[in-house]
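Student: Sharing input-v9.txt (compact mmCIF, C-alpha atoms and all ligand atoms) below.
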# COMPACT_ATOMS: atom_id res chain seq x y z
CA MET A 13 24.85 8.27 22.40
CA THR A 14 21.12 7.70 22.64
CA GLU A 15 20.62 9.76 19.51
CA ASP A 16 23.05 7.61 17.54
CA LYS A 17 21.68 4.37 18.90
CA TRP A 18 18.17 5.12 17.71
CA SER A 19 18.81 7.28 14.67
CA LYS A 20 17.74 4.49 12.31
CA VAL A 21 14.65 3.70 14.33
CA ARG A 22 13.83 7.39 14.62
CA GLU A 23 13.93 7.69 10.84
CA SER A 24 11.51 4.81 10.46
CA ILE A 25 9.19 6.27 13.09
CA GLU A 26 9.17 9.60 11.29
CA ALA A 27 8.53 7.90 7.95
CA GLU A 28 5.73 5.87 9.48
CA GLN A 29 4.27 9.01 11.02
CA ASP A 30 4.16 10.71 7.63
CA GLU A 31 2.45 7.69 6.12
CA THR A 32 -0.04 7.45 8.94
CA LEU A 33 -0.93 11.13 8.71
CA ALA A 34 -1.42 10.84 4.94
CA GLU A 35 -3.59 7.77 5.46
CA ILE A 36 -5.72 9.53 8.08
CA GLN A 37 -6.15 12.43 5.70
CA ARG A 38 -7.12 10.10 2.86
CA LEU A 39 -9.63 8.22 5.01
CA ARG A 40 -11.19 11.43 6.26
CA GLU A 41 -11.79 12.50 2.67
CA ALA A 42 -13.27 9.11 1.81
CA LEU A 43 -15.36 9.22 4.94
CA LYS A 44 -16.76 12.62 4.09
CA CYS A 45 -18.02 11.33 0.74
CA GLU A 46 -19.42 8.23 2.40
CA LEU A 47 -21.28 10.21 5.04
CA GLU A 48 -22.74 12.58 2.49
CA ALA A 49 -23.87 9.67 0.32
CA ASP A 50 -25.48 8.00 3.32
CA LEU A 51 -27.48 11.06 4.19
CA GLU A 52 -28.96 11.13 0.72
CA GLU A 53 -29.72 7.42 0.67
CA GLY A 54 -31.27 7.32 4.10
CA ASP A 55 -28.38 5.52 5.76
CA PRO A 56 -28.45 1.98 4.31
CA HIS A 57 -24.80 1.35 5.21
CA ALA A 58 -24.81 1.96 8.94
CA TYR A 59 -22.70 -1.08 9.66
CA GLU A 60 -20.09 -0.34 7.01
CA ARG A 61 -19.94 3.22 8.18
CA GLU A 62 -19.09 2.04 11.70
CA THR A 63 -16.25 0.03 10.24
CA ILE A 64 -14.98 2.93 8.20
CA LEU A 65 -15.28 5.28 11.16
CA ALA A 66 -13.11 2.95 13.23
CA LEU A 67 -10.24 3.11 10.77
CA PRO A 68 -9.10 6.69 11.34
CA ARG A 69 -9.47 6.12 15.07
CA ASN A 70 -7.07 3.18 14.88
CA LEU A 71 -4.67 5.22 12.83
CA GLU A 72 -4.92 8.10 15.24
CA SER A 73 -3.98 5.88 18.13
CA LYS A 74 -1.05 4.59 16.09
CA GLN A 75 -0.09 8.16 15.33
CA TYR A 76 -0.26 8.89 19.05
CA SER A 77 2.00 5.93 19.81
CA LEU A 78 4.48 7.09 17.19
CA SER A 79 4.68 10.60 18.59
CA ARG A 80 5.04 9.18 22.08
CA ALA A 81 7.92 7.03 20.86
CA LEU A 82 9.61 10.12 19.46
CA SER A 83 9.18 12.11 22.65
CA SER A 84 10.47 9.20 24.72
CA MET A 85 13.59 9.33 22.57
CA GLU A 86 13.94 12.95 23.61
CA ASP A 87 13.82 12.15 27.31
CA GLY A 88 15.85 8.95 26.99
CA THR A 89 13.15 6.48 27.96
CA TYR A 90 12.70 5.03 24.49
CA GLY A 91 13.02 1.26 24.33
CA ILE A 92 12.13 0.77 28.00
CA CYS A 93 9.14 -1.44 28.70
CA GLU A 94 6.31 0.55 30.31
CA ILE A 95 5.29 -2.38 32.45
CA CYS A 96 8.43 -4.12 33.71
CA GLY A 97 10.94 -1.33 33.08
CA ARG A 98 13.37 -3.57 31.24
CA GLU A 99 14.89 -2.81 27.88
CA ILE A 100 12.90 -3.92 24.87
CA SER A 101 15.02 -5.91 22.43
CA THR A 102 16.38 -4.00 19.46
CA GLU A 103 14.96 -6.59 17.04
CA ARG A 104 11.51 -6.00 18.47
CA LEU A 105 11.87 -2.24 18.26
CA GLU A 106 13.04 -2.46 14.69
CA ALA A 107 10.05 -4.60 13.82
CA LEU A 108 7.54 -2.51 15.79
CA CYS A 109 9.20 0.82 16.41
CA TYR A 110 6.42 2.37 18.50
CA THR A 111 5.88 -0.48 20.93
CA THR A 112 6.10 0.36 24.62
CA HIS A 113 6.01 -3.22 25.88
CA CYS A 114 8.68 -5.90 25.82
CA ILE A 115 7.77 -9.23 24.28
CA GLU A 116 7.08 -10.87 27.66
CA CYS A 117 4.76 -8.14 28.89
CA LYS A 118 3.04 -7.98 25.52
CA ALA A 119 2.24 -11.67 25.87
CA HIS A 120 0.82 -11.02 29.34
CA VAL A 121 -1.30 -8.15 28.06
CA GLU A 122 -2.65 -10.29 25.24
CA LYS A 123 -3.46 -13.16 27.56
CA GLY A 124 -5.00 -10.80 30.07
CA THR A 125 -2.73 -11.91 32.88
CA ALA A 126 -1.76 -8.95 34.99
CA PRO A 127 1.92 -8.16 34.81
CA ARG A 128 3.72 -6.50 37.70
CA PRO A 129 3.77 -2.72 37.52
CA ALA A 130 7.06 -0.94 36.88
CA GLY A 131 9.11 -0.42 39.99
CA GLN A 132 8.59 -3.90 41.35
CA LEU A 133 11.30 -5.61 39.40
CA THR A 134 11.59 -9.30 39.87
CA LEU A 135 13.16 -11.95 37.70
ZN ZN B 1 8.11 -5.70 30.00
Can you present the structure in this file as structure tokens?
Tutor:
Amino acid sequence: MTEDKWSKVRESIEAEQDETLAEIQRLREALKCELEADLEEGDPHAYERETILALPRNLESKQYSLSRALSSMEDGTYGICEICGREISTERLEALCYTTHCIECKAHVEKGTAPRPAGQLTL
């Protein structure tokens, strides 16, 4: 049941995971060249290097979210908001397959207003 419900989403997560891994790999290669070049030139691009260094980190955290989404499918908690415990809408999951927050909680997180922790369900 759960398997069928999410099979399409699972496919897109797996595809996205492949892409992300390839991108991380590509950036690491690019980064290696950049770092070697900087050493020779006496590090004139420190700021740019910071920016480039941040990219694989962002991708790695995305990769982490994707693999968490997959494992939550295994244990049947996929599509449940981490904060309020309600189901995340299918449209939202299809648009952002690795999200762990429903649209309401996401808005709270972005605004910095503290949402109620899971387990204290209120309307
Ligand atoms: Zn929520």
Student: Which residues are near ligand ZN 1 (chain B) in this structure, taking near to mean any atom at most 8 Å from a ligand atom and counting only C-alpha atoms and all ligand atoms? Format them as a list in words.
Tutor: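 Using only C-alpha atoms and all ligand atoms, I find these residues within 8 Å of ligand ZN 1 (chain B): Ile92, Cys93, Glu94, Ile95, Cys96, Gly97, Arg98, Glu99, Ile100, His113, Cys114, Ile115, Glu116, Cys117 and Lys118 of chain A.
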Student: Under the rule that all atoms listed in the file are counted, which of A:Met85, A:Gly91, A:Glu35, A:Glu122 is the nearest residue to A:Ser19?
Tutor: A:Met85
Student: Which distance in Å separates atom CA of A:Ser73 and atom CA of A:Asp87, to one decimal?
Tutor: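 So the answer is 21.0 Å.
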Student: Between atom CA of A:Ile64 and atom CA of A:Cys109, measure the distance and give it in Å to one decimal.
Tutor: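 The value is 25.6 Å.
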Student: Tell me which protein, DNA and RNA residues are within 6 Å of A:Ala81, counting only C-alpha atoms, leaving out same-chain ones fewer than 3 positions away, and put them as an MDAnalysis selection string.
Tutor: chainID A and resid 78 84 110
Student: Which is closer to A:Thr63 than all the others in A:Leu43, A:Tyr76, A:Gln29, A:Lys123, using all atoms listed in the file?
Tutor: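 Selected residue with least distance to A:Thr63: A:Leu43.
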Student: Excluding same-chain residues fewer than 2 positions from A:Lys74, what lies within 10 Å of it counting only C-alpha atoms, as an MDAnalysis selection string?
Tutor: chainID A and resid 28:29 32:33 68:72 76:80 110:111
Student: To one decimal place in Å, what is the distance between atom CA of A:Tyr90 and atom CA of A:Thr112?
Tutor: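 Atom CA of A:Tyr90 sits 8.1 Å away from atom CA of A:Thr112.
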Student: Show me the residues close to (19.4, 0.0, 15.6) - anything with an atom within 10 Å, counting all atoms listed in the file - and format the list as a VMD selection string.
Tutor: chain A and resid 16 to 22 102 to 103 105 to 106
Student: Those residues with C-alpha atoms, as a PDB file, in the coordinates of the input please?
Tutor:
ATOM      1  CA  ASP A  16      23.050   7.610  17.540  1.00  0.00           C
ATOM      2  CA  LYS A  17      21.680   4.370  18.900  1.00  0.00           C
ATOM      3  CA  TRP A  18      18.170   5.120  17.710  1.00  0.00           C
ATOM      4  CA  SER A  19      18.810   7.280  14.670  1.00  0.00           C
ATOM      5  CA  LYS A  20      17.740   4.490  12.310  1.00  0.00           C
ATOM      6  CA  VAL A  21      14.650   3.700  14.330  1.00  0.00           C
ATOM      7  CA  ARG A  22      13.830   7.390  14.620  1.00  0.00           C
ATOM      8  CA  THR A 102      16.380  -4.000  19.460  1.00  0.00           C
ATOM      9  CA  GLU A 103      14.960  -6.590  17.040  1.00  0.00           C
ATOM     10  CA  LEU A 105      11.870  -2.240  18.260  1.00  0.00           C
ATOM     11  CA  GLU A 106      13.040  -2.460  14.690  1.00  0.00           C
TER      12      GLU A 106
END
Student: When you count all atoms listed in the file, which of these residues is closest to A:Glu62: A:Glu46, A:Glu31, A:Glu26, A:Gln75?
Tutor: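 Selected residue with least distance to A:Glu62: A:Glu46.
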